[in-house]
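What follows is a short report on a single structure.
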Amino acid sequence: MSVSLVTNTDAADADAFELFRDDWGIPHLRAPDAHRLAYAQGRVTALDRAWQLEVERHRAQGSSAAFLGPDSVAWDRFARQSRLADTARRCHEALDPDTAAWVGAYVDGVNDGLARGAARDERFARTGHTPTAWEPWVPLGIWIATHILFAGFATKLWRERVARALGDEAVTLFATDGPGTAGSNGWLVPGDRTETGSAIIAGDPHRFIEDPGVYQQIRLSCPEYDVLGLAVPGIPGLGHFGHTGSAAWAITNAMADYQDLYVEQLRPAANARPDEGGKEGMGGGGGIEALGPDGTWEPVHRHTETITVAGADPVEVEVLETARGPVITHGGTAGQTLSLRYPPRVRRDLGFAVLPALLRARTVADLDRALDGWAEPVNVVHAADSEGGLLHRVAGAVPLRHRANRLRPVPAWDPQYAWRGWAETPAEPVQGFAVMANARGIASPLGVEFAPPHRADRIRELLSGSAHWSPKAMADVHRDTRLASAAPLLALLPGLDGLSPAALALRTRLLAWDRHMAAESTDATVFSAFRARVVRRLAADPALAGLAGAPTGPEVFHPWLYLVPRVGYALEGLLTTALLPALDRAAHVRAALEETAAADTPDTPWSEVHRLAPWSALPDPDAQWPGLGGDHDCVNATSTVPGFTDLTARASAARYVWDLARREDSLWAVPLGADGVTGSPHHLDQLPFWAQCELVPVVTDWALLTKESV
């Protein structure tokens, strides 16, 4: 494989940095200045994760189908129509010179490492893909592509569907932590509740588990700072989780709503010529106009792009953009043409200047000032320092606009739905301890749908059990499997009458169950089978018939539009809501109980059916993945899709414990390992620990590390 890559910075020097690794293969980098350190981070990431970097880079560009094939066309089409790469270019052009140079040094490092990294990974030869040089804006593109669906604007498509089928009053009937959203746990224990007298920050981001993993454990050291944490491969610095020695921070998804869908009214431009399809100006030949909020018709940007597809014909994509934003569906969802308005494209800012500022932080005050510039995505932040400083705040850009914008698509031509500036981000004092788990709380003024309170409540309950917390004890919080969301379903069982003997026995068993989705629990397996039947029966009820059809519109949004997963995640609410009076819940629960009893579900441990199923750009059909404890509303949030599958594709993408007394007592773990190359010694070596919610030690003593040639 021959790869010609060019660097543009003096940091590209073979002796510009030192690379050390610990026993887990985690890179520890040391360089004489911040720019050479950014170069080192890019280069080592390319050595360890070249395949992952190239997949993410091409997903950001909408060109991944060129080597991954037809299954990637749906994403590439969305990436192009939503103009992810163009937005990244614009945000890069707006960077201040220092941040641009720092990002550029990282890109130069990636370019210097890609050839060697690609030579380590057989997936390049298998797909025939050869890396080419990254452009300086690519890290910003990866950041946008990684987070564009975080705020769940596709949920507005579902709410629109619900409103059309069940009426406007039912628009939030299925409100919960739905498929495709990203959650997290996080907790901050002040020093008066720890063994050392200094704070501990712990938690875990919940994302789709991918191979290679979405977080990279790394240490970055130069005379200006020495920081360790979890990086996003392809992005310089440590945006979400880091420990500088005297200060540490962590985030969860705030569940804020900051992306809007506008219903556009389009027409051929006045000077448009009829196209060959006979539909004047709307197909391929003429200009298009959109009706704007001031009652005038505005020009619509329009061009066509071609997606190259490995093993198939190329696909043409029409790209439209109104004054609100890119058109993401044109007549495909309920006949509507919808544009997407999202802050990075409006502001030309992702908050990248915050990334080097976080690395330089020494105190909570430093972190707080830096986070004032955060933009995308919107997060809840916990931070602490070794002097006792504590921080609990929201960071990110949320537009001020009509409340209806948050619920469903709104008409672009109505001025009341225009954006009117930016919301203040809330902050709260830390009293006792602070917990963030995507539930209603500090970020409530900024969102519509939040996660159920079960994880947050359970974490508070567990933390209240001791005033002498240590880093190692935090593993007990991480692994907790109590499923509080089972309560509404189990509460219906005592009132059922006319049950068969087998169903009576099953009811007795379920009511005696301790409600823990423990890996070894056979009761958890039986409960999941019973719950799945309830979900499927509810989804088949005539009251929800208007939502049962196959999704329409762009394929990338389909995970938000299937009824069975929506019922599964919203089961608690559907069992108690008064909005569906015709829904005979007791009858469905009774029938599901009888069906489960008749099926004679074997006493199989939960971990036998609840297995990890990670996403991979090139899946290995022979891969063996471990069984797990937990479920989607447990602290150990290994998410199933009730009614659809017991497998888990979304879980803790990393776990961390930051000790502010002694950083060397901190702990962490990722689902797979530090190396992104299949079959390498450190590709899967953390997987057994992660599956058991155990953590591995953070190493800070350079003498305990092994130096590698660079």
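Going through the structure tokens in order, the chains are called A, B, and so on, while each chain numbers its residues from 1 and the ligands are numbered from 1 in the order shown.
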
Picked from region 617-708 of chain A by DSSP as strand (DSSP E), as a list in words
Ser639, Thr640, Val641, Thr645, Asp646, Leu647, Thr648, Ala649, Arg650, Ala651, Ser652, Arg655, Tyr656, Val657, Trp658, Asp659, Leu667, Trp668, Ala669, Val696, Pro697, Thr706, Lys707 and Glu708 of chain A

For Pro681 (chain A), find every residue with an atom within 9 Å (counting only C-alpha atoms), except residues of its own chain fewer than 5 positions away, and show them as a ChimeraX atom specification.
/A:24-25,673,675

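Among the candidate residues A:Gly62, A:Gly152, A:Gly128, A:Gly234, the one lying nearest to Asn111 (chain A) is A:Gly234, with distances computed using only C-alpha atoms.
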
Ranking A:His243, A:Arg193, A:Arg341, A:Arg59 by minimum distance to Gln259 (chain A) and counting only C-alpha atoms, which one comes first?
A:Arg341

Selection: 8 Å around Tyr258 (chain A), only C-alpha atoms, excl. self and same-chain fewer than 6 positions, as a compact mmCIF listing (two decimals) with all heavy atoms, in the first residue's frame:
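Result file result_14.txt:
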# COMPACT_ATOMS: atom_id res chain seq x y z
N ALA A 151 -29.11 15.63 19.60
CA ALA A 151 -30.26 16.34 20.15
C ALA A 151 -31.58 15.73 19.70
O ALA A 151 -32.64 16.19 20.10
CB ALA A 151 -30.21 17.81 19.75
N TYR A 342 -29.48 24.16 12.58
CA TYR A 342 -28.70 23.73 13.73
C TYR A 342 -27.58 24.74 14.00
O TYR A 342 -27.03 25.34 13.09
CB TYR A 342 -28.18 22.31 13.56
CG TYR A 342 -27.28 22.01 12.37
CD1 TYR A 342 -25.92 21.82 12.54
CD2 TYR A 342 -27.80 21.86 11.08
CE1 TYR A 342 -25.09 21.50 11.48
CE2 TYR A 342 -26.99 21.53 10.01
CZ TYR A 342 -25.63 21.36 10.21
OH TYR A 342 -24.80 21.05 9.15
N PRO A 343 -27.27 24.96 15.31
CA PRO A 343 -26.41 26.08 15.69
C PRO A 343 -25.06 26.16 14.99
O PRO A 343 -24.65 27.27 14.60
CB PRO A 343 -26.26 25.90 17.21
CG PRO A 343 -27.56 25.29 17.62
CD PRO A 343 -27.90 24.33 16.50
N ALA A 397 -24.79 25.80 23.07
CA ALA A 397 -25.58 26.83 22.40
C ALA A 397 -27.00 26.33 22.15
O ALA A 397 -27.21 25.37 21.40
CB ALA A 397 -24.93 27.20 21.07
N VAL A 398 -27.97 26.99 22.78
CA VAL A 398 -29.39 26.65 22.62
C VAL A 398 -30.11 27.91 22.16
O VAL A 398 -30.08 28.94 22.85
CB VAL A 398 -30.00 26.14 23.94
CG1 VAL A 398 -31.48 25.83 23.74
CG2 VAL A 398 -29.25 24.92 24.45
N PRO A 399 -30.80 27.87 21.01
CA PRO A 399 -31.48 29.08 20.53
C PRO A 399 -32.74 29.38 21.32
O PRO A 399 -33.41 28.48 21.84
CB PRO A 399 -31.82 28.73 19.08
CG PRO A 399 -31.94 27.24 19.07
CD PRO A 399 -30.91 26.75 20.07
N ARG A 406 -39.72 23.19 19.59
CA ARG A 406 -39.10 22.06 20.26
C ARG A 406 -39.88 20.76 20.08
O ARG A 406 -39.34 19.69 20.30
CB ARG A 406 -38.97 22.35 21.76
CG ARG A 406 -38.09 23.52 22.11
CD ARG A 406 -38.01 23.68 23.61
NE ARG A 406 -37.16 24.80 24.01
CZ ARG A 406 -36.89 25.11 25.27
NH1 ARG A 406 -37.43 24.39 26.24
NH2 ARG A 406 -36.12 26.13 25.55

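Considering the residues A:Ala34, A:Val110, A:Val103, A:Ala16 and counting only C-alpha atoms, Trp137 (chain A) has its shortest atom-to-atom contact with A:Val103.
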
Surrounding residues of Thr244 (chain A) excluding itself and chain neighbours under 6 positions, 8 Å, only C-alpha atoms, as a JSON list (two decimals) with all heavy atoms, in the first residue's frame:
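What follows is the written file result.json:
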[["chain", "number", "residue", "atom", "x", "y", "z"],
["A", 225, "TYR", "N", 1.11, 21.68, 30.35],
["A", 225, "TYR", "CA", 0.10, 20.89, 31.04],
["A", 225, "TYR", "C", 0.42, 19.41, 30.94],
["A", 225, "TYR", "O", 1.25, 18.98, 30.11],
["A", 225, "TYR", "CB", -1.30, 21.17, 30.49],
["A", 225, "TYR", "CG", -1.43, 21.12, 28.98],
["A", 225, "TYR", "CD1", -1.46, 19.90, 28.29],
["A", 225, "TYR", "CD2", -1.56, 22.29, 28.23],
["A", 225, "TYR", "CE1", -1.59, 19.85, 26.92],
["A", 225, "TYR", "CE2", -1.68, 22.25, 26.85],
["A", 225, "TYR", "CZ", -1.70, 21.03, 26.20],
["A", 225, "TYR", "OH", -1.82, 20.99, 24.84],
["A", 226, "ASP", "N", -0.24, 18.64, 31.79],
["A", 226, "ASP", "CA", -0.14, 17.18, 31.80],
["A", 226, "ASP", "C", -1.53, 16.65, 32.12],
["A", 226, "ASP", "O", -1.97, 16.69, 33.26],
["A", 226, "ASP", "CB", 0.88, 16.73, 32.84],
["A", 226, "ASP", "CG", 1.09, 15.22, 32.86],
["A", 226, "ASP", "OD1", 0.20, 14.48, 32.41],
["A", 226, "ASP", "OD2", 2.16, 14.77, 33.33],
["A", 227, "VAL", "N", -2.25, 16.19, 31.09],
["A", 227, "VAL", "CA", -3.67, 15.87, 31.21],
["A", 227, "VAL", "C", -3.90, 14.46, 30.69],
["A", 227, "VAL", "O", -3.34, 14.06, 29.67],
["A", 227, "VAL", "CB", -4.54, 16.86, 30.42],
["A", 227, "VAL", "CG1", -6.02, 16.66, 30.74],
["A", 227, "VAL", "CG2", -4.12, 18.30, 30.70],
["A", 228, "LEU", "N", -4.74, 13.72, 31.39],
["A", 228, "LEU", "CA", -5.17, 12.42, 30.87],
["A", 228, "LEU", "C", -6.68, 12.39, 30.79],
["A", 228, "LEU", "O", -7.37, 13.13, 31.50],
["A", 228, "LEU", "CB", -4.65, 11.28, 31.75],
["A", 228, "LEU", "CG", -5.02, 11.25, 33.22],
["A", 228, "LEU", "CD1", -6.37, 10.59, 33.48],
["A", 228, "LEU", "CD2", -3.94, 10.51, 34.01],
["A", 359, "LEU", "N", -7.40, 21.86, 28.47],
["A", 359, "LEU", "CA", -6.12, 21.23, 28.80],
["A", 359, "LEU", "C", -5.29, 22.11, 29.72],
["A", 359, "LEU", "O", -4.53, 21.60, 30.57],
["A", 359, "LEU", "CB", -5.34, 20.94, 27.51],
["A", 359, "LEU", "CG", -5.99, 19.98, 26.51],
["A", 359, "LEU", "CD1", -5.14, 19.86, 25.26],
["A", 359, "LEU", "CD2", -6.21, 18.61, 27.14],
["A", 360, "ARG", "N", -5.43, 23.42, 29.59],
["A", 360, "ARG", "CA", -4.63, 24.35, 30.40],
["A", 360, "ARG", "C", -5.24, 24.63, 31.77],
["A", 360, "ARG", "O", -4.63, 25.30, 32.60],
["A", 360, "ARG", "CB", -4.45, 25.66, 29.65],
["A", 360, "ARG", "CG", -3.64, 25.56, 28.36],
["A", 360, "ARG", "CD", -3.28, 26.94, 27.83],
["A", 360, "ARG", "NE", -4.47, 27.70, 27.44],
["A", 360, "ARG", "CZ", -4.97, 27.73, 26.21],
["A", 360, "ARG", "NH1", -4.40, 27.01, 25.25],
["A", 360, "ARG", "NH2", -6.04, 28.46, 25.94],
["A", 361, "ALA", "N", -6.46, 24.15, 32.01],
["A", 361, "ALA", "CA", -7.17, 24.49, 33.24],
["A", 361, "ALA", "C", -6.47, 23.93, 34.47],
["A", 361, "ALA", "O", -6.00, 22.79, 34.47],
["A", 361, "ALA", "CB", -8.60, 23.97, 33.18],
["A", 362, "ARG", "N", -6.44, 24.73, 35.51],
["A", 362, "ARG", "CA", -5.86, 24.29, 36.79],
["A", 362, "ARG", "C", -6.90, 24.28, 37.91],
["A", 362, "ARG", "O", -6.70, 23.63, 38.92],
["A", 362, "ARG", "CB", -4.71, 25.22, 37.19],
["A", 362, "ARG", "CG", -3.51, 25.16, 36.26],
["A", 362, "ARG", "CD", -2.82, 23.80, 36.35],
["A", 362, "ARG", "NE", -1.68, 23.71, 35.44],
["A", 362, "ARG", "CZ", -1.75, 23.27, 34.18],
["A", 362, "ARG", "NH1", -2.92, 22.90, 33.69],
["A", 362, "ARG", "NH2", -0.68, 23.21, 33.42]]

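Close contacts of Ser198 (chain A), defined as residues with an atom at most 10 Å away when counting only C-alpha atoms, with chain neighbours fewer than 6 positions off set aside, comprise Val189, Pro190, Gly191, Asp192, Ala384, Asp385, Ser386, Glu387, Gly388, Gly389, Ser470, Asp659, Leu660, Ala661 and Arg662 of chain A.
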
So that I can see what lies close to Val319 (chain A), please list as a PyMOL selection string the residues with an atom at most 9 Å from it, counting only C-alpha atoms and leaving out residues fewer than 2 positions away in the same chain.
chain A and resi 80-83+301-305+317+321+326-328

Export, as a compact mmCIF listing (two decimals), in the first residue's frame, the selected residues with all heavy atoms.
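Result file follows (part_2.txt):
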# COMPACT_ATOMS: atom_id res chain seq x y z
N ARG A 80 -24.56 14.58 3.13
CA ARG A 80 -24.46 15.57 2.06
C ARG A 80 -25.64 16.55 2.08
O ARG A 80 -25.46 17.76 1.94
CB ARG A 80 -24.35 14.88 0.71
CG ARG A 80 -23.02 14.14 0.53
CD ARG A 80 -23.04 13.27 -0.70
NE ARG A 80 -21.82 12.49 -0.83
CZ ARG A 80 -20.84 12.74 -1.71
NH1 ARG A 80 -20.94 13.79 -2.51
NH2 ARG A 80 -19.78 11.97 -1.77
N GLN A 81 -26.84 16.00 2.26
CA GLN A 81 -28.00 16.89 2.26
C GLN A 81 -28.01 17.83 3.46
O GLN A 81 -28.48 18.97 3.34
CB GLN A 81 -29.28 16.06 2.23
CG GLN A 81 -29.52 15.36 0.88
CD GLN A 81 -30.79 14.55 0.85
OE1 GLN A 81 -31.20 13.98 1.87
NE2 GLN A 81 -31.41 14.45 -0.30
N SER A 82 -27.49 17.38 4.59
CA SER A 82 -27.42 18.26 5.76
C SER A 82 -26.15 19.10 5.78
O SER A 82 -25.94 19.89 6.70
CB SER A 82 -27.53 17.44 7.05
OG SER A 82 -26.56 16.43 7.09
N ARG A 83 -25.28 18.92 4.79
CA ARG A 83 -24.12 19.76 4.54
C ARG A 83 -23.13 19.74 5.71
O ARG A 83 -22.62 20.78 6.15
CB ARG A 83 -24.54 21.19 4.18
CG ARG A 83 -25.61 21.26 3.09
CD ARG A 83 -25.59 22.55 2.33
NE ARG A 83 -24.42 22.61 1.43
CZ ARG A 83 -24.11 23.69 0.70
NH1 ARG A 83 -24.86 24.78 0.77
NH2 ARG A 83 -23.05 23.68 -0.08
N HIS A 301 -30.57 27.65 -2.36
CA HIS A 301 -29.34 27.09 -2.92
C HIS A 301 -29.63 25.67 -3.40
O HIS A 301 -30.32 24.90 -2.73
CB HIS A 301 -28.24 27.05 -1.86
CG HIS A 301 -27.04 26.28 -2.29
ND1 HIS A 301 -25.98 26.86 -2.96
CD2 HIS A 301 -26.73 24.96 -2.17
CE1 HIS A 301 -25.08 25.94 -3.22
NE2 HIS A 301 -25.50 24.77 -2.75
N ARG A 302 -29.06 25.34 -4.55
CA ARG A 302 -29.35 24.02 -5.13
C ARG A 302 -28.16 23.53 -5.94
O ARG A 302 -27.61 24.27 -6.76
CB ARG A 302 -30.57 24.13 -6.03
CG ARG A 302 -31.00 22.83 -6.68
CD ARG A 302 -32.09 23.14 -7.69
NE ARG A 302 -32.80 21.95 -8.11
CZ ARG A 302 -33.65 21.92 -9.13
NH1 ARG A 302 -33.90 23.03 -9.81
NH2 ARG A 302 -34.26 20.80 -9.45
N HIS A 303 -27.74 22.30 -5.69
CA HIS A 303 -26.76 21.66 -6.55
C HIS A 303 -26.90 20.15 -6.42
O HIS A 303 -27.64 19.66 -5.56
CB HIS A 303 -25.33 22.11 -6.22
CG HIS A 303 -24.79 21.59 -4.92
ND1 HIS A 303 -25.00 22.23 -3.71
CD2 HIS A 303 -24.06 20.47 -4.62
CE1 HIS A 303 -24.41 21.55 -2.74
NE2 HIS A 303 -23.85 20.46 -3.26
N THR A 304 -26.21 19.41 -7.25
CA THR A 304 -26.28 17.96 -7.25
C THR A 304 -24.90 17.39 -6.97
O THR A 304 -23.89 17.89 -7.47
CB THR A 304 -26.79 17.44 -8.61
OG1 THR A 304 -28.09 17.98 -8.84
CG2 THR A 304 -26.89 15.91 -8.60
N GLU A 305 -24.86 16.35 -6.13
CA GLU A 305 -23.61 15.65 -5.84
C GLU A 305 -23.78 14.17 -6.17
O GLU A 305 -24.90 13.65 -6.23
CB GLU A 305 -23.24 15.82 -4.36
CG GLU A 305 -23.01 17.26 -3.96
CD GLU A 305 -22.58 17.42 -2.50
OE1 GLU A 305 -22.29 16.39 -1.85
OE2 GLU A 305 -22.57 18.56 -2.02
N VAL A 317 -27.42 12.88 -5.63
CA VAL A 317 -28.11 13.48 -4.49
C VAL A 317 -28.33 14.95 -4.80
O VAL A 317 -27.38 15.69 -5.10
CB VAL A 317 -27.30 13.33 -3.19
CG1 VAL A 317 -28.01 14.02 -2.04
CG2 VAL A 317 -27.07 11.87 -2.87
N GLU A 321 -30.81 24.09 0.04
CA GLU A 321 -30.70 24.81 1.31
C GLU A 321 -31.48 26.11 1.23
O GLU A 321 -31.26 26.93 0.35
CB GLU A 321 -29.24 25.10 1.67
CG GLU A 321 -29.11 25.76 3.03
CD GLU A 321 -27.69 25.79 3.56
OE1 GLU A 321 -26.76 25.48 2.78
OE2 GLU A 321 -27.50 26.12 4.75
N PRO A 326 -30.27 23.44 5.58
CA PRO A 326 -30.31 22.41 4.54
C PRO A 326 -31.62 21.63 4.56
O PRO A 326 -32.19 21.36 5.62
CB PRO A 326 -29.14 21.50 4.89
CG PRO A 326 -28.26 22.30 5.80
CD PRO A 326 -29.17 23.22 6.54
N VAL A 327 -32.11 21.26 3.40
CA VAL A 327 -33.31 20.44 3.27
C VAL A 327 -32.91 18.98 3.45
O VAL A 327 -32.10 18.45 2.69
CB VAL A 327 -33.99 20.65 1.91
CG1 VAL A 327 -35.12 19.64 1.70
CG2 VAL A 327 -34.53 22.08 1.80
N ILE A 328 -33.47 18.34 4.48
CA ILE A 328 -33.09 16.96 4.77
C ILE A 328 -34.10 15.94 4.26
O ILE A 328 -33.80 14.75 4.21
CB ILE A 328 -32.87 16.75 6.29
CG1 ILE A 328 -34.15 17.08 7.06
CG2 ILE A 328 -31.69 17.58 6.78
CD1 ILE A 328 -34.11 16.62 8.50

Please produce, as CSV, a per-residue contact table for region 172-235 of chain A versus region 429-450 of chain A (criterion: any atom at most 12 Å away, only C-alpha atoms considered), showing the nearest atom pair and its distance in Å to one decimal, sorted by chain then residue number.
residue,atom,partner,partner_atom,distance
A:Thr172,CA,A:Glu449,CA,8.1
A:Leu173,CA,A:Glu449,CA,10.5
A:Phe174,CA,A:Glu449,CA,9.4
A:Ala175,CA,A:Glu449,CA,5.7
A:Thr176,CA,A:Phe450,CA,6.0
A:Asp177,CA,A:Phe450,CA,6.2
A:Gly178,CA,A:Glu449,CA,9.2
A:Thr181,CA,A:Phe450,CA,10.2
A:Ala182,CA,A:Asn438,CA,9.0
A:Gly183,CA,A:Asn438,CA,6.0
A:Ser184,CA,A:Ala437,CA,5.6
A:Asn185,CA,A:Ala437,CA,4.5
A:Gly186,CA,A:Met436,CA,5.0
A:Trp187,CA,A:Val435,CA,4.4
A:Leu188,CA,A:Ala434,CA,5.1
A:Val189,CA,A:Phe433,CA,5.0
A:Pro190,CA,A:Phe433,CA,6.2
A:Gly191,CA,A:Phe433,CA,9.7
A:Asp192,CA,A:Gly432,CA,8.7
A:Arg193,CA,A:Gly432,CA,8.3
A:Thr194,CA,A:Phe433,CA,11.0
A:Ala199,CA,A:Phe433,CA,9.7
A:Ile200,CA,A:Phe433,CA,10.0
A:Ile201,CA,A:Ala434,CA,9.5
A:Ala202,CA,A:Val435,CA,9.8
A:Gly203,CA,A:Met436,CA,8.9
A:Asp204,CA,A:Ala437,CA,9.6
A:Pro205,CA,A:Ala437,CA,9.5
A:His206,CA,A:Ala437,CA,10.0

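Within region 147-357 of chain A, DSSP run on the backbone puts these residues in alpha helix (DSSP H): His147, Thr155, Lys156, Leu157, Trp158, Arg159, Glu160, Arg161, Val162, Ala163, Arg164, Ala165, Leu166, Pro343, Pro344, Arg345, Val346, Arg347, Val354, Leu355, Pro356 and Ala357 of chain A.
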
Atoms to include: N, CA, C and O atoms. Write the selected residues as a tab-separated table (two decimals), in the first residue's frame.
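Saved result, result_34.tsv, follows:
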chain	number	residue	atom	x	y	z
A	147	HIS	N	-22.08	14.14	16.39
A	147	HIS	CA	-23.06	14.71	17.31
A	147	HIS	C	-24.32	15.25	16.64
A	147	HIS	O	-25.20	15.75	17.34
A	155	THR	N	-36.72	12.92	16.49
A	155	THR	CA	-37.88	12.67	17.34
A	155	THR	C	-39.05	13.57	16.93
A	155	THR	O	-40.22	13.21	17.12
A	156	LYS	N	-38.76	14.73	16.37
A	156	LYS	CA	-39.84	15.63	15.93
A	156	LYS	C	-40.61	15.02	14.77
A	156	LYS	O	-41.82	15.28	14.62
A	157	LEU	N	-39.95	14.19	13.97
A	157	LEU	CA	-40.66	13.48	12.91
A	157	LEU	C	-41.64	12.48	13.52
A	157	LEU	O	-42.76	12.30	13.04
A	158	TRP	N	-41.19	11.80	14.60
A	158	TRP	CA	-42.07	10.86	15.28
A	158	TRP	C	-43.25	11.58	15.93
A	158	TRP	O	-44.39	11.15	15.82
A	159	ARG	N	-42.98	12.70	16.59
A	159	ARG	CA	-44.07	13.43	17.23
A	159	ARG	C	-45.08	13.92	16.21
A	159	ARG	O	-46.28	13.95	16.47
A	160	GLU	N	-44.59	14.32	15.05
A	160	GLU	CA	-45.51	14.74	13.99
A	160	GLU	C	-46.40	13.57	13.58
A	160	GLU	O	-47.62	13.74	13.37
A	161	ARG	N	-45.80	12.40	13.48
A	161	ARG	CA	-46.57	11.21	13.13
A	161	ARG	C	-47.60	10.88	14.21
A	161	ARG	O	-48.75	10.54	13.91
A	162	VAL	N	-47.20	11.01	15.48
A	162	VAL	CA	-48.12	10.75	16.58
A	162	VAL	C	-49.28	11.75	16.55
A	162	VAL	O	-50.45	11.38	16.72
A	163	ALA	N	-48.97	13.02	16.35
A	163	ALA	CA	-50.02	14.04	16.34
A	163	ALA	C	-51.02	13.80	15.22
A	163	ALA	O	-52.23	13.99	15.39
A	164	ARG	N	-50.53	13.37	14.06
A	164	ARG	CA	-51.43	13.11	12.94
A	164	ARG	C	-52.33	11.91	13.20
A	164	ARG	O	-53.48	11.87	12.78
A	165	ALA	N	-51.77	10.91	13.93
A	165	ALA	CA	-52.53	9.68	14.16
A	165	ALA	C	-53.45	9.78	15.38
A	165	ALA	O	-54.56	9.23	15.37
A	166	LEU	N	-53.00	10.48	16.43
A	166	LEU	CA	-53.71	10.45	17.70
A	166	LEU	C	-54.18	11.82	18.18
A	166	LEU	O	-54.85	11.91	19.21
A	343	PRO	N	-27.27	24.96	15.31
A	343	PRO	CA	-26.41	26.08	15.69
A	343	PRO	C	-25.06	26.16	14.99
A	343	PRO	O	-24.65	27.27	14.60
A	344	PRO	N	-24.30	25.07	14.81
A	344	PRO	CA	-22.99	25.25	14.17
A	344	PRO	C	-23.07	25.87	12.78
A	344	PRO	O	-22.19	26.64	12.39
A	345	ARG	N	-24.13	25.55	12.05
A	345	ARG	CA	-24.23	26.14	10.71
A	345	ARG	C	-24.65	27.60	10.78
A	345	ARG	O	-24.24	28.41	9.94
A	346	VAL	N	-25.44	27.94	11.79
A	346	VAL	CA	-25.89	29.32	11.96
A	346	VAL	C	-24.75	30.18	12.50
A	346	VAL	O	-24.50	31.29	12.01
A	347	ARG	N	-24.04	29.68	13.50
A	347	ARG	CA	-23.03	30.46	14.21
A	347	ARG	C	-21.61	30.32	13.64
A	347	ARG	O	-20.72	31.07	13.98
A	354	VAL	N	-12.43	25.98	22.94
A	354	VAL	CA	-12.51	25.51	24.33
A	354	VAL	C	-11.56	24.34	24.57
A	354	VAL	O	-11.05	24.16	25.68
A	355	LEU	N	-11.30	23.53	23.54
A	355	LEU	CA	-10.53	22.29	23.74
A	355	LEU	C	-9.13	22.54	24.30
A	355	LEU	O	-8.74	21.93	25.30
A	356	PRO	N	-8.32	23.43	23.71
A	356	PRO	CA	-7.00	23.68	24.33
A	356	PRO	C	-7.12	24.39	25.67
A	356	PRO	O	-6.26	24.21	26.54
A	357	ALA	N	-8.17	25.18	25.86
A	357	ALA	CA	-8.36	25.85	27.16
A	357	ALA	C	-8.63	24.85	28.27
A	357	ALA	O	-8.18	25.03	29.41

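Taking only C-alpha atoms into account, Gln61 (chain A) lies nearest to A:Trp143 out of the set A:Tyr417, A:Tyr106, A:Trp143, A:Tyr39.
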
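The smallest atom-to-atom distance between His382 (chain A) and any of A:Ala269, A:Gly287, A:Ala418, A:Asn253, using only C-alpha atoms, is found for A:Asn253.
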
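When only C-alpha atoms are used to compute distances to Ala674 (chain A), the closest of the residues A:Ser63, A:Gln216, A:Thr481, A:Gln52 turns out to be A:Gln216.
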